[in-house]
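All remarks here apply to the structure that follows.
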Amino acid sequence: MSAAIVFDLDGTLVDSLADLAGAVNRMLGDVGHAPLPQTIIGRFVGNGLPKLVERTIRHCEIDMNRHGELTKLTLDHYNKASSDQTVPYPGVMEALAELRRQGHRLGVCTNKPEKPACYVLKALNLAHHFDVVFGGDTLSLRKPNPKHLNETFDALGCSGPRLFVGDSEVDAETAKRAEVPFLLFTEGYRKSPVAEIPHTISYDDSAKLPALVGQYLAGTD
């Protein structure tokens with residue numbers, strides 16, 4: 001059975017925290033603020049770059065009126081080094097290849113802006129696995145609005161079952177609102193215990209994903 005499978009990007013397919021934190025800290029340096037530990041910045045990730053910058057501004061007690069300016073500055077820094085330290089999670093490349101071999105259509109729905117998302121996928125040799133990529137600025141809305149995810153599925157043009165794969169509370173909420181099964185990667189950027197995040201299936205190793213998808217689809221026949 002061929003399915004439409006849409007993935008979140010950061011924290012699901014790739015570990016990009018080091019590059020995101022680098023961009024944030026370069027922005028902070030530009031405004032004369034000391035850098036933040038990567039662990040703190042990691043708590044701010046989710047809901048897209050503008051929200052990441054907003055949370056950073058609040059934490060550092062910077063004037064919120066500078067949000068637009070500092071978001072652009074952070075994005076500029078990120079675009080210059082968006083794949084320097086970003087890597088696919090172990091097993092991702094093999095899992096995507098196997099899912100494609102099985103006939104599934106794959107897409108990406110991320111709150112990262114579309115251009116850097118596509119750049120990261122290409123730089124890490126992942127882009128050829130995906131038929132569509134919807135970023136946080138592809139539409140006028142983003143996750144957890146279910147339209148962001150549903151539009152991504154619609155663009156895949158697959159009439160089979162729909163599955164969403166992500167790592168966070170935002171992804172789980174999006175899947176719930178879109179009424180699609182949610183596969184939770186537990187080793188990403190989630191902030192809550194796994195048991196507190198609604199999901200259909202959880203996994204801690206991307207190499208397991210094709211088998212889990214196959215088992216789930218077989219159970220829905």
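Following the order of the structure tokens, chains are lettered A, B, ..., residues in each are numbered from 1, and ligands are numbered from 1.
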
Compile the contact shell of Pro37 (chain A) as an mmCIF file with C-alpha atoms, in the first residue's frame: residues with an atom at most 9 Å away, counting only C-alpha atoms, same-chain residues fewer than 5 positions apart removed.
```cif
data_model
loop_
_atom_site.group_PDB
_atom_site.id
_atom_site.type_symbol
_atom_site.label_atom_id
_atom_site.label_comp_id
_atom_site.auth_asym_id
_atom_site.auth_seq_id
_atom_site.Cartn_x
_atom_site.Cartn_y
_atom_site.Cartn_z
ATOM 1 C CA ALA A 21 22.349 28.255 18.155
ATOM 2 C CA ASN A 25 24.533 33.795 19.267
ATOM 3 C CA GLY A 42 17.427 24.371 22.433
#
```

In Å, rounded to a single decimal, give me how far CA of Ala4 (chain A) is from CA of His129 (chain A). 12.6 Å

Measure the distance from CA of Val45 (chain A) to CA of Asp19 (chain A) in Å and round it to one decimal.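 Rounded to one decimal, the two atoms are 11.9 Å apart.
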
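Comparing A:Asn79, A:Thr138, A:Ser192, A:Gln102 by their smallest distance to Ala211 (chain A), the closest is A:Gln102 (using only C-alpha atoms).
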
Counting only C-alpha atoms, what are the residues of region 177-207 of chain A within 7 Å of region 161-173 of chain A, and for each of them which pair of atoms is the nearest and at what distance in Å, to one decimal? Sort the table by chain and rising number, as a tab-separated table.
```
residue	atom	partner	partner_atom	distance
A:Arg177	CA	A:Glu173	CA	6.1
A:Val180	CA	A:Leu163	CA	6.1
A:Pro181	CA	A:Leu163	CA	5.3
A:Phe182	CA	A:Phe164	CA	5.1
A:Leu183	CA	A:Val165	CA	4.7
A:Leu184	CA	A:Asp167	CA	5.3
A:Phe185	CA	A:Asp167	CA	4.8
A:Thr186	CA	A:Asp167	CA	6.1
A:Gly188	CA	A:Asp167	CA	5.3
A:Tyr189	CA	A:Ser168	CA	6.1
A:Arg190	CA	A:Ser168	CA	4.4
A:Ile197	CA	A:Glu169	CA	6.2
A:Pro198	CA	A:Ala172	CA	6.1
A:His199	CA	A:Ala172	CA	6.6
```

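CA of Gly22 (chain A) sits 13.8 Å away from CA of Thr71 (chain A).
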
Give the strand (DSSP E or B) residues of region 61-167 of chain A, as DSSP finds them on the backbone, and put them as a list in words.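 After running DSSP on the backbone, region 61-167 of chain A has strand (DSSP E or B) at Val87, Pro88, Arg105, Leu106, Gly107, Val108, Cys109, Val132, Val133, Phe134, Arg162, Leu163, Phe164, Val165 and Gly166 of chain A.
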
Find the spatial neighbours of Gly157 (chain A), counting only C-alpha atoms, within a cut-off of 10 Å - ignore same-chain residues fewer than 4 positions away - and output them as a PyMOL selection string. chain A and resi 4+105+131+152-153

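Nearest residue to Ala117 (chain A) among A:Ser159, A:Thr220, A:Gln85, A:Ser16 is A:Ser16, counting only C-alpha atoms.
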
Residue among A:Val31, A:Met93, A:Val133, A:Val120 lying closest to Val108 (chain A), counting only C-alpha atoms: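 Looking only at the distances to Val108 (chain A), the closest residue turns out to be A:Val133.
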
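If you measure from each of A:Arg43, A:Asn145, A:Gly160, A:Glu54 to Leu217 (chain A) using only C-alpha atoms, the closest one turns out to be A:Gly160.
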
As a PyMOL selection string, list the residues of region 41-198 of chain A assigned to helix (DSSP H, G or I) by DSSP on the backbone atoms of this structure. chain A and resi 41-44+49-60+64-80+92-101+114-123+127-129+146-156+169-178+194-196

Using only C-alpha atoms, which protein or nucleic acid residues come within 12 Å of Ala95 (chain A)? Drop anything in the same chain fewer than 2 positions from it, and give the result as a ChimeraX atom specification. /A:13,88-93,97-102,104,106,126,129,205-213

How would the residues just chosen look if you wrote them out with N, CA, C and O atoms as a compact mmCIF listing (two decimals), in the first residue's frame?
```txt
# COMPACT_ATOMS: atom_id res chain seq x y z
N LEU A 13 14.46 14.77 10.96
CA LEU A 13 15.38 14.26 9.95
C LEU A 13 16.81 14.67 10.23
O LEU A 13 17.74 13.89 9.98
N PRO A 88 22.25 14.62 9.32
CA PRO A 88 21.07 13.74 9.42
C PRO A 88 21.21 12.85 10.65
O PRO A 88 22.32 12.45 11.02
N TYR A 89 20.10 12.54 11.27
CA TYR A 89 20.14 11.57 12.37
C TYR A 89 20.54 10.20 11.81
O TYR A 89 20.26 9.89 10.65
N PRO A 90 21.20 9.37 12.61
CA PRO A 90 21.58 8.04 12.15
C PRO A 90 20.39 7.26 11.61
O PRO A 90 19.31 7.26 12.20
N GLY A 91 20.58 6.63 10.47
CA GLY A 91 19.55 5.81 9.87
C GLY A 91 18.58 6.54 8.97
O GLY A 91 17.79 5.90 8.26
N VAL A 92 18.62 7.88 8.95
CA VAL A 92 17.65 8.65 8.17
C VAL A 92 17.81 8.39 6.67
O VAL A 92 16.82 8.13 5.96
N MET A 93 19.01 8.46 6.17
CA MET A 93 19.22 8.32 4.73
C MET A 93 18.76 6.96 4.24
O MET A 93 18.10 6.83 3.20
N ALA A 97 15.45 6.13 1.73
CA ALA A 97 15.64 5.35 0.50
C ALA A 97 14.72 4.13 0.48
O ALA A 97 14.14 3.78 -0.56
N GLU A 98 14.57 3.46 1.62
CA GLU A 98 13.73 2.27 1.69
C GLU A 98 12.25 2.64 1.53
O GLU A 98 11.50 1.94 0.85
N LEU A 99 11.83 3.73 2.15
CA LEU A 99 10.44 4.16 2.02
C LEU A 99 10.12 4.49 0.56
O LEU A 99 9.04 4.16 0.06
N ARG A 100 11.04 5.12 -0.11
CA ARG A 100 10.85 5.42 -1.53
C ARG A 100 10.80 4.13 -2.34
O ARG A 100 9.99 3.98 -3.26
N ARG A 101 11.68 3.20 -2.01
CA ARG A 101 11.71 1.91 -2.73
C ARG A 101 10.37 1.19 -2.58
O ARG A 101 9.92 0.51 -3.51
N GLN A 102 9.74 1.36 -1.42
CA GLN A 102 8.44 0.73 -1.17
C GLN A 102 7.29 1.43 -1.88
O GLN A 102 6.16 0.96 -1.84
N HIS A 104 6.27 4.74 -1.42
CA HIS A 104 5.62 5.85 -0.72
C HIS A 104 6.06 7.19 -1.30
O HIS A 104 7.19 7.33 -1.80
N LEU A 106 6.96 11.06 -0.42
CA LEU A 106 7.49 11.72 0.77
C LEU A 106 7.50 13.23 0.60
O LEU A 106 7.82 13.75 -0.47
N LEU A 126 19.70 14.90 0.86
CA LEU A 126 18.40 14.34 1.20
C LEU A 126 17.29 14.80 0.25
O LEU A 126 16.22 14.19 0.21
N HIS A 129 14.85 12.69 -2.15
CA HIS A 129 13.84 11.78 -1.61
C HIS A 129 12.45 12.42 -1.55
O HIS A 129 11.46 11.69 -1.40
N ASP A 205 15.00 5.19 16.75
CA ASP A 205 16.03 4.87 15.76
C ASP A 205 15.39 4.94 14.39
O ASP A 205 14.46 4.17 14.08
N SER A 206 15.86 5.85 13.55
CA SER A 206 15.24 6.05 12.24
C SER A 206 15.32 4.82 11.35
O SER A 206 14.50 4.65 10.44
N ALA A 207 16.30 3.96 11.61
CA ALA A 207 16.41 2.73 10.82
C ALA A 207 15.18 1.85 10.98
O ALA A 207 14.88 1.01 10.12
N LYS A 208 14.45 2.01 12.08
CA LYS A 208 13.25 1.21 12.34
C LYS A 208 12.03 1.71 11.59
O LYS A 208 11.00 1.01 11.53
N LEU A 209 12.11 2.91 11.03
CA LEU A 209 10.92 3.56 10.51
C LEU A 209 10.23 2.81 9.37
O LEU A 209 9.00 2.64 9.41
N PRO A 210 10.94 2.33 8.36
CA PRO A 210 10.22 1.62 7.28
C PRO A 210 9.43 0.42 7.78
O PRO A 210 8.29 0.19 7.34
N ALA A 211 10.00 -0.36 8.70
CA ALA A 211 9.28 -1.51 9.23
C ALA A 211 8.06 -1.08 10.03
O ALA A 211 6.98 -1.70 9.94
N LEU A 212 8.19 0.00 10.81
CA LEU A 212 7.06 0.49 11.59
C LEU A 212 5.94 0.99 10.69
O LEU A 212 4.75 0.74 10.96
N VAL A 213 6.30 1.68 9.63
CA VAL A 213 5.30 2.14 8.67
C VAL A 213 4.60 0.95 8.03
O VAL A 213 3.37 0.92 7.90
```

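Here the question is which of A:Leu36, A:Pro116, A:His77, A:Leu121 gets nearest to Cys60 (chain A) using only C-alpha atoms, and that residue is A:Leu36.
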